[in-house]
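Asks: Take this structure, written in structure tokens, and hold onto it; I'll ask about it next.
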Amino acid sequence: MDKMLQGRLFSYPDTHRHRLGANYDQIPINCPFRTRVHNCMRDGPMSVNGNQGSAPNYEPNSLRTFDFKSDARHAPYRVTGIIARYKPAHPNDDFAQAGGLYRRVFTDKQRKNVVDNIKEHLKEAGKEVQERSIKMFQKADAGYGNS
């Protein structure tokens with residue numbers, strides 16, 4: 001094992017991020033050869049690839065579905081047991097913290113303010129987006145989505 005190479009493999013990308021910014025890999029001389037990444041990463045300093053145009057930068061969205069390739073997953077392999085991707089056994093969901101914040105931390109005034117703010121921002125969205133958003137807020141707290 002080449003310890004110098006291992007150190008360089010770690011430090012070169014870190015140095016690029018420090019000198020050129022988070023989007024250093026968009027600069028043509030630094031980008032991967034013959035491949036383009038299409039993901040939800042946008043903006044930031046030194047964005048040089050057209051910022052992915054008007055493509056949506058969130059998932060799920062009603063404008064475009066992301067194409068997740070099941071064959072791109074890592075195959076399980078034997079080490080001292082089987083290593084693969086598993087769903088965690090702990091109750092890690094996307095809505096518990098938001099619900100706790102809304103119920104236990106926010107005052108009545110803060111709850112009203114956040115709901116009014118959301119209403120103001122969603123009023124121009126399409127009906128489908130509004131309904132999907134309300135369902136997401138209801139998962140955090142029934143009052144959050146029904147206010």
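Ligands are numbered from 1 in the order shown, residues from 1 within each chain, and chains are lettered A, B, ... in the order they appear in the structure tokens.
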Got a sec: who's within 12 Å of region 123-138 of chain A, counting only C-alpha atoms, leaving out chain neighbours fewer than 5 positions off, as a list in words?
Replies: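 Returned residues: Pro60, Asn61, Ser62, Leu63, Asp94, Phe95, Ala96, Gln97, Ala98, Gly99, Tyr102, Val114, Val115, Asp116, Asn117, Ile118, Gly143, Tyr144, Gly145, Asn146 and Ser147 of chain A.
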Asks: What's around region 15-23 of chain A at 8 Å? Count only C-alpha atoms, leave out sequence neighbours fewer than 5 positions away in its own chain, and write the answer as a PDB file with N, CA, C and O atoms, in the first residue's frame.
Replies:
ATOM      1  N   GLY A  44     -24.275  27.537  -5.630  1.00  0.00           N
ATOM      2  CA  GLY A  44     -23.009  27.575  -4.925  1.00  0.00           C
ATOM      3  C   GLY A  44     -21.967  28.356  -5.702  1.00  0.00           C
ATOM      4  O   GLY A  44     -22.169  28.747  -6.855  1.00  0.00           O
ATOM      5  N   PRO A  45     -20.829  28.619  -5.072  1.00  0.00           N
ATOM      6  CA  PRO A  45     -19.775  29.376  -5.739  1.00  0.00           C
ATOM      7  C   PRO A  45     -19.168  28.594  -6.906  1.00  0.00           C
ATOM      8  O   PRO A  45     -19.098  27.373  -6.861  1.00  0.00           O
ATOM      9  N   MET A  46     -18.775  29.297  -7.930  1.00  0.00           N
ATOM     10  CA  MET A  46     -18.107  28.730  -9.109  1.00  0.00           C
ATOM     11  C   MET A  46     -18.964  27.722  -9.858  1.00  0.00           C
ATOM     12  O   MET A  46     -18.460  26.748 -10.399  1.00  0.00           O
ATOM     13  N   SER A  47     -20.259  27.921  -9.916  1.00  0.00           N
ATOM     14  CA  SER A  47     -21.120  27.035 -10.702  1.00  0.00           C
ATOM     15  C   SER A  47     -20.899  27.393 -12.168  1.00  0.00           C
ATOM     16  O   SER A  47     -21.213  28.485 -12.605  1.00  0.00           O
ATOM     17  N   VAL A  48     -20.322  26.457 -12.935  1.00  0.00           N
ATOM     18  CA  VAL A  48     -19.924  26.779 -14.308  1.00  0.00           C
ATOM     19  C   VAL A  48     -20.627  25.927 -15.364  1.00  0.00           C
ATOM     20  O   VAL A  48     -20.311  26.013 -16.536  1.00  0.00           O
TER      21      VAL A  48
END
Asks: Which residues, written as a ChimeraX atom specification, have at least one atom at most 9 Å from His74 (chain A), with only C-alpha atoms counted and residues fewer than 3 positions away on the same chain left out?
Replies: /A:71,77,84-85
Asks: Can you tell me, as a list in words, which residues in region 81-127 of chain A count as alpha helix (DSSP H) by DSSP?
Replies: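 Selection result, alpha helix (DSSP H) within region 81-127 of chain A: Ala96, Gln97, Ala98, Gly99, Gly100, Asp108, Lys109, Gln110, Arg111, Lys112, Asn113, Val114, Val115, Asp116, Asn117, Ile118, Lys119, Glu120, His121, Leu122 and Lys127 of chain A.
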Asks: Could you check the closest approach to Lys139 (chain A) for each of A:Thr65, A:Cys31, A:Asp25, A:Asp93 and tell me which residue wins, using only C-alpha atoms?
Replies: A:Asp93
Asks: Determine which residues of chain A DSSP labels as strand (DSSP E) from the backbone of this structure, then write them out as number ranges by chain.
Replies: A: 77-78, 82-83
Asks: For CA of Asp141 (chain A) and CA of Val105 (chain A), quote the distance in Å rounded to one decimal.
Replies: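 Here the two named atoms are 13.0 Å from each other.
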